[in-house]
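Next up, input15.pdb (PDB, C-alpha atoms and all ligand atoms):
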```
ATOM      1  CA  MET A   5     -23.937  22.485  13.590
ATOM      2  CA  ASN A   6     -24.476  19.086  15.154
ATOM      3  CA  LEU A   7     -21.381  16.939  15.590
ATOM      4  CA  PRO A   8     -21.395  14.022  13.113
ATOM      5  CA  ILE A   9     -21.172  11.579  16.005
ATOM      6  CA  LYS A  10     -23.185   8.456  16.662
ATOM      7  CA  PHE A  11     -23.232   6.496  19.902
ATOM      8  CA  SER A  12     -24.155   2.805  19.959
ATOM      9  CA  ASP A  13     -27.017   1.838  22.283
ATOM     10  CA  GLU A  14     -24.524   0.331  24.714
ATOM     11  CA  ILE A  15     -22.547   3.588  24.875
ATOM     12  CA  SER A  16     -25.645   5.825  25.097
ATOM     13  CA  ASN A  17     -26.819   3.731  27.997
ATOM     14  CA  ALA A  18     -23.376   3.843  29.643
ATOM     15  CA  LYS A  19     -23.319   7.622  29.283
ATOM     16  CA  ASP A  20     -26.783   7.972  30.859
ATOM     17  CA  ARG A  21     -25.672   5.826  33.770
ATOM     18  CA  LYS A  22     -22.257   7.537  33.996
ATOM     19  CA  LEU A  23     -20.431   4.214  33.704
ATOM     20  CA  PRO A  24     -16.684   4.121  32.979
ATOM     21  CA  ILE A  25     -15.961   3.813  29.248
ATOM     22  CA  VAL A  26     -12.788   2.634  27.484
ATOM     23  CA  ALA A  27     -12.074   3.727  23.907
ATOM     24  CA  LEU A  28     -10.584   1.161  21.490
ATOM     25  CA  GLU A  29      -9.061   1.907  18.095
ATOM     26  CA  SER A  30     -10.028   0.385  14.747
ATOM     27  CA  THR A  31      -6.823   0.617  12.659
ATOM     28  CA  ILE A  32      -5.589  -2.409  14.553
ATOM     29  CA  ILE A  33      -8.650  -4.195  13.066
ATOM     30  CA  THR A  34      -8.329  -2.963   9.466
ATOM     31  CA  HIS A  35      -4.548  -2.677   9.103
ATOM     32  CA  GLY A  36      -2.935  -4.278  12.152
ATOM     33  CA  MET A  37      -4.098  -7.880  12.031
ATOM     34  CA  PRO A  38      -5.269 -10.359   9.363
ATOM     35  CA  TYR A  39      -8.867 -11.610   9.107
ATOM     36  CA  PRO A  40     -10.330 -13.507  10.970
ATOM     37  CA  GLN A  41      -8.002 -13.031  13.960
ATOM     38  CA  ASN A  42      -8.720  -9.299  13.854
ATOM     39  CA  LEU A  43     -12.459  -9.839  14.356
ATOM     40  CA  LYS A  44     -12.036 -12.456  17.050
ATOM     41  CA  THR A  45      -9.603 -10.203  18.915
ATOM     42  CA  ALA A  46     -11.804  -7.112  18.598
ATOM     43  CA  ILE A  47     -14.734  -9.026  20.104
ATOM     44  CA  GLU A  48     -12.642 -10.567  22.879
ATOM     45  CA  VAL A  49     -11.022  -7.244  23.779
ATOM     46  CA  GLU A  50     -14.473  -5.705  24.204
ATOM     47  CA  GLU A  51     -15.471  -8.652  26.421
ATOM     48  CA  ILE A  52     -12.407  -8.127  28.620
ATOM     49  CA  VAL A  53     -13.343  -4.482  29.162
ATOM     50  CA  ARG A  54     -16.887  -5.542  30.171
ATOM     51  CA  ARG A  55     -15.559  -8.229  32.524
ATOM     52  CA  HIS A  56     -13.548  -5.536  34.270
ATOM     53  CA  LYS A  57     -16.617  -3.383  34.885
ATOM     54  CA  ALA A  58     -16.230  -0.824  32.130
ATOM     55  CA  VAL A  59     -17.929  -0.347  28.768
ATOM     56  CA  PRO A  60     -15.938  -0.763  25.520
ATOM     57  CA  ALA A  61     -16.241   1.873  22.794
ATOM     58  CA  THR A  62     -14.551   0.757  19.604
ATOM     59  CA  ILE A  63     -14.249   3.871  17.448
ATOM     60  CA  ALA A  64     -14.313   4.180  13.650
ATOM     61  CA  ILE A  65     -15.811   6.414  10.985
ATOM     62  CA  ILE A  66     -18.732   4.547   9.472
ATOM     63  CA  ASN A  67     -20.457   6.060   6.414
ATOM     64  CA  GLY A  68     -19.310   9.545   7.370
ATOM     65  CA  GLU A  69     -20.201   9.395  11.053
ATOM     66  CA  ILE A  70     -17.856   9.257  14.026
ATOM     67  CA  SER A  71     -19.155   6.019  15.489
ATOM     68  CA  ILE A  72     -18.550   5.451  19.188
ATOM     69  CA  GLY A  73     -19.243   1.796  19.994
ATOM     70  CA  MET A  74     -19.693  -0.839  17.288
ATOM     71  CA  SER A  75     -22.312  -3.484  16.730
ATOM     72  CA  LYS A  76     -21.094  -7.002  15.801
ATOM     73  CA  PRO A  77     -22.055  -6.462  12.130
ATOM     74  CA  GLN A  78     -20.082  -3.200  12.108
ATOM     75  CA  LEU A  79     -17.039  -4.897  13.646
ATOM     76  CA  THR A  80     -17.370  -7.638  11.036
ATOM     77  CA  GLN A  81     -17.619  -5.069   8.248
ATOM     78  CA  LEU A  82     -14.430  -3.377   9.472
ATOM     79  CA  ALA A  83     -12.596  -6.678   9.925
ATOM     80  CA  LYS A  84     -13.363  -7.709   6.338
ATOM     81  CA  ALA A  85     -12.895  -4.262   4.799
ATOM     82  CA  THR A  86     -10.136  -4.016   2.251
ATOM     83  CA  GLU A  87     -10.799  -0.407   1.251
ATOM     84  CA  ALA A  88     -11.108   1.295   4.643
ATOM     85  CA  ARG A  89      -8.807   4.286   4.890
ATOM     86  CA  LYS A  90      -6.386   4.484   7.802
ATOM     87  CA  LEU A  91      -7.257   7.870   9.309
ATOM     88  CA  SER A  92      -5.099  10.150  11.379
ATOM     89  CA  ARG A  93      -5.533  13.828  12.354
ATOM     90  CA  ALA A  94      -4.744  15.111   8.856
ATOM     91  CA  ASP A  95      -7.299  13.067   6.950
ATOM     92  CA  LEU A  96     -10.002  12.322   9.540
ATOM     93  CA  PRO A  97     -12.396  14.915   8.021
ATOM     94  CA  LEU A  98     -12.141  13.250   4.583
ATOM     95  CA  CYS A  99     -14.366  10.372   5.628
ATOM     96  CA  LEU A 100     -16.842  12.795   7.207
ATOM     97  CA  SER A 101     -17.230  14.983   4.155
ATOM     98  CA  ASN A 102     -17.477  12.156   1.627
ATOM     99  CA  LYS A 103     -19.508   9.804   3.883
ATOM    100  CA  LYS A 104     -16.902   7.075   3.667
ATOM    101  CA  THR A 105     -15.769   4.429   6.126
ATOM    102  CA  GLY A 106     -12.351   4.593   7.684
ATOM    103  CA  SER A 107     -10.493   3.240  10.675
ATOM    104  CA  THR A 108      -8.957   5.452  13.314
ATOM    105  CA  THR A 109      -5.290   5.306  14.338
ATOM    106  CA  VAL A 110      -4.193   6.177  17.845
ATOM    107  CA  ALA A 111      -4.169   9.888  16.918
ATOM    108  CA  ALA A 112      -7.637   9.881  15.336
ATOM    109  CA  THR A 113      -9.104   7.673  18.067
ATOM    110  CA  MET A 114      -7.846  10.137  20.696
ATOM    111  CA  ILE A 115      -9.549  13.016  18.867
ATOM    112  CA  CYS A 116     -12.846  11.110  18.614
ATOM    113  CA  ALA A 117     -12.654   9.863  22.215
ATOM    114  CA  LYS A 118     -12.191  13.438  23.413
ATOM    115  CA  LEU A 119     -15.210  14.580  21.394
ATOM    116  CA  ALA A 120     -17.206  11.793  23.051
ATOM    117  CA  ASP A 121     -15.865  12.744  26.486
ATOM    118  CA  ILE A 122     -13.982   9.456  26.975
ATOM    119  CA  SER A 123     -10.628   9.814  28.699
ATOM    120  CA  VAL A 124      -9.145   6.302  28.755
ATOM    121  CA  PHE A 125      -8.081   4.448  25.624
ATOM    122  CA  ALA A 126      -6.471   1.019  25.156
ATOM    123  CA  THR A 127      -4.433   0.065  22.107
ATOM    124  CA  GLY A 128      -1.575  -2.275  21.139
ATOM    125  CA  GLY A 129       1.347   0.008  20.429
ATOM    126  CA  ILE A 130       1.623   3.657  19.489
ATOM    127  CA  GLY A 131       3.279   5.022  16.376
ATOM    128  CA  GLY A 132       6.524   6.947  16.780
ATOM    129  CA  VAL A 133       9.805   7.951  15.189
ATOM    130  CA  HIS A 134      10.812   5.554  12.419
ATOM    131  CA  LYS A 135      14.358   4.199  12.372
ATOM    132  CA  ASN A 136      15.377   5.955   9.154
ATOM    133  CA  VAL A 137      13.978   9.305  10.299
ATOM    134  CA  SER A 138      17.015  11.294   9.185
ATOM    135  CA  GLU A 139      16.175  10.485   5.560
ATOM    136  CA  THR A 140      12.387  10.226   5.721
ATOM    137  CA  MET A 141      11.249  12.535   8.557
ATOM    138  CA  ASP A 142       8.668   9.811   9.277
ATOM    139  CA  ILE A 143       7.307  10.580  12.741
ATOM    140  CA  SER A 144       3.830   9.311  13.572
ATOM    141  CA  ALA A 145       1.138  11.896  14.205
ATOM    142  CA  ASP A 146       0.353   9.823  17.322
ATOM    143  CA  LEU A 147       3.143  11.652  19.171
ATOM    144  CA  ASN A 148       1.834  15.098  18.340
ATOM    145  CA  GLU A 149      -1.666  14.004  19.344
ATOM    146  CA  LEU A 150      -0.457  12.776  22.721
ATOM    147  CA  SER A 151       0.945  16.260  23.301
ATOM    148  CA  ARG A 152      -2.334  18.032  22.620
ATOM    149  CA  THR A 153      -5.311  15.790  23.402
ATOM    150  CA  ASN A 154      -6.088  14.897  26.972
ATOM    151  CA  VAL A 155      -6.701  11.155  26.801
ATOM    152  CA  SER A 156      -4.744   8.487  28.687
ATOM    153  CA  VAL A 157      -3.428   5.845  26.303
ATOM    154  CA  ILE A 158      -2.544   2.370  27.550
ATOM    155  CA  ALA A 159      -0.117   0.666  25.153
ATOM    156  CA  ALA A 160       2.681  -1.901  25.268
ATOM    157  CA  GLY A 161       5.202   0.802  24.430
ATOM    158  CA  PRO A 162       6.338   2.038  21.045
ATOM    159  CA  LYS A 163       6.507  -0.759  18.486
ATOM    160  CA  ALA A 164      10.010  -2.186  18.279
ATOM    161  CA  ILE A 165      10.046  -1.463  14.535
ATOM    162  CA  LEU A 166      10.565   2.163  15.605
ATOM    163  CA  ASP A 167      13.510   4.098  16.929
ATOM    164  CA  ILE A 168      12.467   3.798  20.563
ATOM    165  CA  PRO A 169      15.102   6.156  22.085
ATOM    166  CA  ARG A 170      14.177   8.914  19.615
ATOM    167  CA  THR A 171      10.464   8.277  20.144
ATOM    168  CA  LEU A 172      10.971   8.780  23.879
ATOM    169  CA  GLU A 173      12.999  11.949  23.300
ATOM    170  CA  VAL A 174      10.209  13.415  21.173
ATOM    171  CA  LEU A 175       7.618  12.510  23.816
ATOM    172  CA  GLU A 176       9.729  14.198  26.462
ATOM    173  CA  THR A 177      10.158  17.322  24.328
ATOM    174  CA  LEU A 178       6.402  17.422  23.786
ATOM    175  CA  GLY A 179       5.779  17.094  27.518
ATOM    176  CA  VAL A 180       4.059  13.719  27.344
ATOM    177  CA  PRO A 181       4.543  11.633  30.498
ATOM    178  CA  VAL A 182       5.436   7.997  29.863
ATOM    179  CA  ILE A 183       4.566   5.821  32.850
ATOM    180  CA  SER A 184       5.931   2.277  32.919
ATOM    181  CA  TYR A 185       3.420   0.112  34.736
ATOM    182  CA  GLN A 186       4.965  -2.422  37.116
ATOM    183  CA  SER A 187       8.292  -2.276  35.330
ATOM    184  CA  ASN A 188      11.549  -0.336  35.605
ATOM    185  CA  GLN A 189      11.933  -0.449  31.825
ATOM    186  CA  ILE A 190      10.235   0.979  28.777
ATOM    187  CA  PRO A 191       8.524  -2.011  27.130
ATOM    188  CA  ALA A 192       9.100  -2.631  23.412
ATOM    189  CA  PHE A 193       5.736  -4.046  22.275
ATOM    190  CA  TRP A 194       6.542  -7.737  21.591
ATOM    191  CA  SER A 195       9.248  -7.668  24.279
ATOM    192  CA  ARG A 196       8.884  -6.657  27.923
ATOM    193  CA  ASN A 197      12.166  -4.788  27.926
ATOM    194  CA  SER A 198      13.688  -2.295  25.524
ATOM    195  CA  GLY A 199      16.903  -1.893  27.480
ATOM    196  CA  LEU A 200      15.801   1.656  28.295
ATOM    197  CA  GLU A 201      15.064   2.710  31.830
ATOM    198  CA  ALA A 202      11.541   3.836  32.708
ATOM    199  CA  SER A 203      11.274   7.584  33.136
ATOM    200  CA  ILE A 204       8.365   7.184  35.560
ATOM    201  CA  GLN A 205       7.569   3.823  37.158
ATOM    202  CA  MET A 206       4.272   3.205  38.930
ATOM    203  CA  ASN A 207       3.231  -0.131  40.369
ATOM    204  CA  ARG A 208      -0.358   0.590  41.355
ATOM    205  CA  LEU A 209      -3.183   1.926  39.200
ATOM    206  CA  SER A 210      -4.322   4.190  42.019
ATOM    207  CA  GLU A 211      -0.976   6.035  41.711
ATOM    208  CA  ILE A 212      -1.576   6.460  37.992
ATOM    209  CA  ALA A 213      -5.106   7.742  38.626
ATOM    210  CA  ASP A 214      -3.739  10.260  41.162
ATOM    211  CA  PHE A 215      -1.120  11.370  38.649
ATOM    212  CA  ILE A 216      -3.750  11.921  35.943
ATOM    213  CA  ASN A 217      -6.005  13.796  38.354
ATOM    214  CA  SER A 218      -3.083  16.023  39.382
ATOM    215  CA  ARG A 219      -2.405  16.878  35.737
ATOM    216  CA  ASP A 220      -6.055  17.802  35.303
ATOM    217  CA  ILE A 221      -6.111  19.949  38.438
ATOM    218  CA  ILE A 222      -3.273  22.134  37.157
ATOM    219  CA  GLY A 223      -4.789  22.188  33.679
ATOM    220  CA  LEU A 224      -1.979  20.502  31.753
ATOM    221  CA  SER A 225      -3.023  19.851  28.195
ATOM    222  CA  GLY A 226      -2.255  16.650  26.328
ATOM    223  CA  GLY A 227      -2.465  13.027  27.199
ATOM    224  CA  CYS A 228      -0.327  10.547  28.989
ATOM    225  CA  LEU A 229       1.109   7.246  27.870
ATOM    226  CA  ILE A 230       0.899   4.254  30.152
ATOM    227  CA  ALA A 231       3.395   1.670  28.970
ATOM    228  CA  ASN A 232       2.200  -1.768  29.995
ATOM    229  CA  PRO A 233       4.572  -4.670  29.239
ATOM    230  CA  VAL A 234       3.238  -7.752  27.448
ATOM    231  CA  PRO A 235       2.619 -10.705  29.824
ATOM    232  CA  LYS A 236       5.821 -12.717  30.274
ATOM    233  CA  LYS A 237       4.402 -15.984  28.938
ATOM    234  CA  ASP A 238       3.659 -14.394  25.560
ATOM    235  CA  GLU A 239       6.674 -12.150  25.010
ATOM    236  CA  ILE A 240       9.254 -12.535  22.279
ATOM    237  CA  SER A 241      12.628 -11.346  23.522
ATOM    238  CA  LEU A 242      14.314  -8.338  21.951
ATOM    239  CA  GLU A 243      17.273 -10.541  20.880
ATOM    240  CA  LEU A 244      14.909 -12.730  18.910
ATOM    241  CA  MET A 245      12.969  -9.799  17.468
ATOM    242  CA  THR A 246      15.901  -7.584  16.439
ATOM    243  CA  PRO A 247      17.106  -9.565  13.392
ATOM    244  CA  ILE A 248      13.509 -10.215  12.309
ATOM    245  CA  ILE A 249      12.673  -6.522  12.464
ATOM    246  CA  GLN A 250      15.832  -5.728  10.486
ATOM    247  CA  LYS A 251      14.786  -8.176   7.747
ATOM    248  CA  ALA A 252      11.358  -6.542   7.533
ATOM    249  CA  LEU A 253      12.905  -3.052   7.424
ATOM    250  CA  ASP A 254      15.289  -4.112   4.637
ATOM    251  CA  LYS A 255      12.405  -5.490   2.608
ATOM    252  CA  ALA A 256      10.420  -2.289   3.101
ATOM    253  CA  GLU A 257      13.394  -0.311   1.788
ATOM    254  CA  THR A 258      13.885  -2.585  -1.223
ATOM    255  CA  ASN A 259      10.188  -2.301  -2.054
ATOM    256  CA  LYS A 260      10.180   1.460  -1.392
ATOM    257  CA  ILE A 261       7.345   1.232   1.150
ATOM    258  CA  SER A 262       6.815   4.486   2.995
ATOM    259  CA  GLY A 263       4.241   6.751   4.637
ATOM    260  CA  LYS A 264       0.987   5.270   5.900
ATOM    261  CA  ALA A 265       1.730   1.910   4.307
ATOM    262  CA  LEU A 266       4.945   1.346   6.259
ATOM    263  CA  THR A 267       3.602   0.266   9.670
ATOM    264  CA  PRO A 268       1.050  -2.232   8.213
ATOM    265  CA  PHE A 269       3.720  -3.593   5.829
ATOM    266  CA  LEU A 270       6.214  -4.194   8.639
ATOM    267  CA  LEU A 271       3.589  -5.849  10.863
ATOM    268  CA  THR A 272       2.626  -8.249   8.060
ATOM    269  CA  GLU A 273       6.261  -9.074   7.267
ATOM    270  CA  ILE A 274       7.028  -9.735  10.921
ATOM    271  CA  PHE A 275       3.930 -11.930  11.188
ATOM    272  CA  GLU A 276       5.275 -14.077   8.346
ATOM    273  CA  LEU A 277       8.869 -14.122   9.572
ATOM    274  CA  THR A 278       7.759 -15.314  13.021
ATOM    275  CA  ASN A 279       5.293 -17.893  11.613
ATOM    276  CA  GLY A 280       2.436 -16.053  13.251
ATOM    277  CA  LYS A 281       3.973 -15.841  16.712
ATOM    278  CA  SER A 282       4.145 -12.027  16.562
ATOM    279  CA  LEU A 283       0.372 -11.959  16.140
ATOM    280  CA  ASP A 284      -0.183 -14.150  19.215
ATOM    281  CA  THR A 285       1.968 -11.707  21.170
ATOM    282  CA  ASN A 286       0.109  -8.731  19.711
ATOM    283  CA  ILE A 287      -3.233 -10.278  20.730
ATOM    284  CA  SER A 288      -1.985 -11.014  24.231
ATOM    285  CA  LEU A 289      -0.692  -7.485  24.816
ATOM    286  CA  ILE A 290      -3.812  -5.752  23.537
ATOM    287  CA  LYS A 291      -5.948  -7.887  25.845
ATOM    288  CA  ASN A 292      -3.686  -7.062  28.766
ATOM    289  CA  ASN A 293      -3.916  -3.351  27.889
ATOM    290  CA  ALA A 294      -7.717  -3.542  27.712
ATOM    291  CA  LYS A 295      -7.834  -5.024  31.200
ATOM    292  CA  VAL A 296      -5.580  -2.325  32.675
ATOM    293  CA  ALA A 297      -7.505   0.421  30.852
ATOM    294  CA  ALA A 298     -10.830  -0.879  32.205
ATOM    295  CA  GLU A 299      -9.474  -0.952  35.756
ATOM    296  CA  LEU A 300      -8.048   2.558  35.374
ATOM    297  CA  SER A 301     -11.305   3.908  33.941
ATOM    298  CA  VAL A 302     -13.152   2.554  36.975
ATOM    299  CA  LEU A 303     -10.709   4.329  39.311
ATOM    300  CA  LEU A 304     -10.972   7.611  37.400
ATOM    301  CA  ASN A 305     -14.766   7.491  37.270
ATOM    302  CA  VAL A 306     -15.360   8.061  40.988
TER     303      VAL A 306
HETATM  304  N1  LIG A 401      -0.737  -1.155  17.095
HETATM  305  C1  LIG A 401      -0.831  -2.359  16.517
HETATM  306  N2  LIG A 401      -1.175  -2.412  15.207
HETATM  307  C2  LIG A 401      -1.441  -1.291  14.483
HETATM  308  C3  LIG A 401      -1.330  -0.009  15.093
HETATM  309  C4  LIG A 401      -0.970  -0.010  16.403
HETATM  310  O1  LIG A 401      -0.602  -3.381  17.148
HETATM  311  O2  LIG A 401      -1.802  -1.398  13.320
HETATM  312  C5  LIG A 401      -1.632   1.255  14.315
HETATM  313  C6  LIG A 401      -2.172   2.300  15.294
HETATM  314  O3  LIG A 401      -3.428   2.706  14.816
HETATM  315  C7  LIG A 401      -1.173   3.436  15.232
HETATM  316  C8  LIG A 401      -0.698   3.319  13.825
HETATM  317  O4  LIG A 401      -1.758   4.670  15.526
HETATM  318  O5  LIG A 401      -0.533   1.913  13.665
HETATM  319  C9  LIG A 401       0.564   4.105  13.573
HETATM  320  O6  LIG A 401       0.708   4.313  12.199
HETATM  321  P1  LIG A 401       1.743   5.407  11.648
HETATM  322  O7  LIG A 401       3.088   4.894  12.042
HETATM  323  O8  LIG A 401       1.523   5.403  10.162
HETATM  324  O9  LIG A 401       1.388   6.713  12.281
HETATM  325 MN    MN A 402       4.328   7.776   9.310
END
```
Representation of the structure as structure tokens:
Amino acid sequence: MNLPIKFSDEISNAKDRKLPIVALESTIITHGMPYPQNLKTAIEVEEIVRRHKAVPATIAIINGEISIGMSKPQLTQLAKATEARKLSRADLPLCLSNKKTGSTTVAATMICAKLADISVFATGGIGGVHKNVSETMDISADLNELSRTNVSVIAAGPKAILDIPRTLEVLETLGVPVISYQSNQIPAFWSRNSGLEASIQMNRLSEIADFINSRDIIGLSGGCLIANPVPKKDEISLELMTPIIQKALDKAETNKISGKALTPFLLTEIFELTNGKSLDTNISLIKNNAKVAAELSVLLNV
């Protein structure tokens, strides 16, 4: 059986020439940001990867095919889509069997990147353990995926809507290294600091590349999380974010929002409660992650 996988011309060419490639997710386009900022950001993030000497591969399932690299019309289609399914490990095959279009979360993007032999992936923030986990058992499949699929994920830490200490405990249990880049703290997405100490701090990308290569040499399975704090000029402090996040969580509880819908709901609420500032921060951190991922992919490609 042939894999249902389709490479864009840009990615086919990059593969032929053995150029470094950076995977990018598509749930951030369909469920993470409003139109048209989502489209503008997706295009700009790809440009940043190119400027830093790597090739961007935005990943989604388009009409039943795992599509690695998007054309502008495809990005536009995703950005305007209202029906696209948010796909994770459990439901990724649904869109393949019924020839539908869906966006890939961190977990699903990792799976597709691995199939396409791409080992570096930039996103905004990963999913994790939700704050009310003792009642809901809501733990993102992103964590499990990090433990089993060997792709390095550059993110601005777990989203601060999550229970960050518990998310880190789960990652540790699963054997996923969390490397804080140029910081002695775990970043909290919109904020540079979570108040939690970094478990591993590295200040140079060459150290991170050596670390990843060492994992590969001893055959450790699973990926690694590189936690890259949002640039200072665009951060919103944790003090400012905490009451806003609480308001959004309360509203989600009142409206009985759960499961897949929860993360997109909270992001939209927070966008409104911050008069759009949270989106500016989100855009800034994803761009910063794309830059670091491109630089890392260049180092790992030699
Ligand atoms: N980061 C963002 N916006 C998002 C996401 C991440 O800035 O929308 C998405 C990612 O695709 C991540 C998903 O994998 O949210 C987590 O969803 P859940 O908690 O349902 O697993
Ligand atoms: Mn969930």
Given a cut-off of 8 Å, what residues near ligand LIG 401 (chain A) show up using only C-alpha atoms and all ligand atoms, put as an mmCIF file with C-alpha atoms, in the frame of the given file?
```cif
data_model
loop_
_atom_site.group_PDB
_atom_site.id
_atom_site.type_symbol
_atom_site.label_atom_id
_atom_site.label_comp_id
_atom_site.auth_asym_id
_atom_site.auth_seq_id
_atom_site.Cartn_x
_atom_site.Cartn_y
_atom_site.Cartn_z
ATOM 1 C CA GLU A 29 -9.061 1.907 18.095
ATOM 2 C CA SER A 30 -10.028 0.385 14.747
ATOM 3 C CA THR A 31 -6.823 0.617 12.659
ATOM 4 C CA ILE A 32 -5.589 -2.409 14.553
ATOM 5 C CA ILE A 33 -8.650 -4.195 13.066
ATOM 6 C CA THR A 34 -8.329 -2.963 9.466
ATOM 7 C CA HIS A 35 -4.548 -2.677 9.103
ATOM 8 C CA GLY A 36 -2.935 -4.278 12.152
ATOM 9 C CA MET A 37 -4.098 -7.880 12.031
ATOM 10 C CA LYS A 90 -6.386 4.484 7.802
ATOM 11 C CA SER A 92 -5.099 10.150 11.379
ATOM 12 C CA THR A 108 -8.957 5.452 13.314
ATOM 13 C CA THR A 109 -5.290 5.306 14.338
ATOM 14 C CA VAL A 110 -4.193 6.177 17.845
ATOM 15 C CA ALA A 111 -4.169 9.888 16.918
ATOM 16 C CA ALA A 112 -7.637 9.881 15.336
ATOM 17 C CA THR A 127 -4.433 0.065 22.107
ATOM 18 C CA GLY A 128 -1.575 -2.275 21.139
ATOM 19 C CA GLY A 129 1.347 0.008 20.429
ATOM 20 C CA ILE A 130 1.623 3.657 19.489
ATOM 21 C CA GLY A 131 3.279 5.022 16.376
ATOM 22 C CA GLY A 132 6.524 6.947 16.780
ATOM 23 C CA HIS A 134 10.812 5.554 12.419
ATOM 24 C CA ASP A 142 8.668 9.811 9.277
ATOM 25 C CA ILE A 143 7.307 10.580 12.741
ATOM 26 C CA SER A 144 3.830 9.311 13.572
ATOM 27 C CA ALA A 145 1.138 11.896 14.205
ATOM 28 C CA ASP A 146 0.353 9.823 17.322
ATOM 29 C CA LYS A 163 6.507 -0.759 18.486
ATOM 30 C CA GLY A 263 4.241 6.751 4.637
ATOM 31 C CA LYS A 264 0.987 5.270 5.900
ATOM 32 C CA ALA A 265 1.730 1.910 4.307
ATOM 33 C CA LEU A 266 4.945 1.346 6.259
ATOM 34 C CA THR A 267 3.602 0.266 9.670
ATOM 35 C CA PRO A 268 1.050 -2.232 8.213
ATOM 36 C CA LEU A 271 3.589 -5.849 10.863
ATOM 37 C CA ASN A 286 0.109 -8.731 19.711
ATOM 38 C CA ILE A 290 -3.812 -5.752 23.537
#
```
Give as a ChimeraX atom specification the residues that the PyMOL selection byres (((chain A and resi 231) around 12) and not hetatm) matches when applied to the coordinates above. /A:126-130,156-163,172,181-193,195-198,202-207,212,228-230,232-234,289-290,292-293,296-297
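Between ligand MN 402 (chain A) and the residues A:Leu283, A:Ile274, A:Ile261, A:Ala117, the shortest atom-to-atom distance, using only C-alpha atoms and all ligand atoms, involves A:Ile261.
Here the question is which of A:Val59, A:Pro40, A:Gly179, A:Met141 gets nearest to Arg21 in chain A using only C-alpha atoms, and that residue is A:Val59.
Using only C-alpha atoms, the nearest neighbour of Asp95 in chain A within the list A:Ser107, A:Lys10, A:Ala18, A:Pro77 is A:Ser107.
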| request: In the coordinates of the file, take the point (-8.2, -7.7, 19.7) and a cut-off of 8 Å; then, counting all atoms listed in the file, name each qualifying protein, DNA or RNA residue as an MDAnalysis selection string. | output: chainID A and resid 32:33 41:50 287 290:291
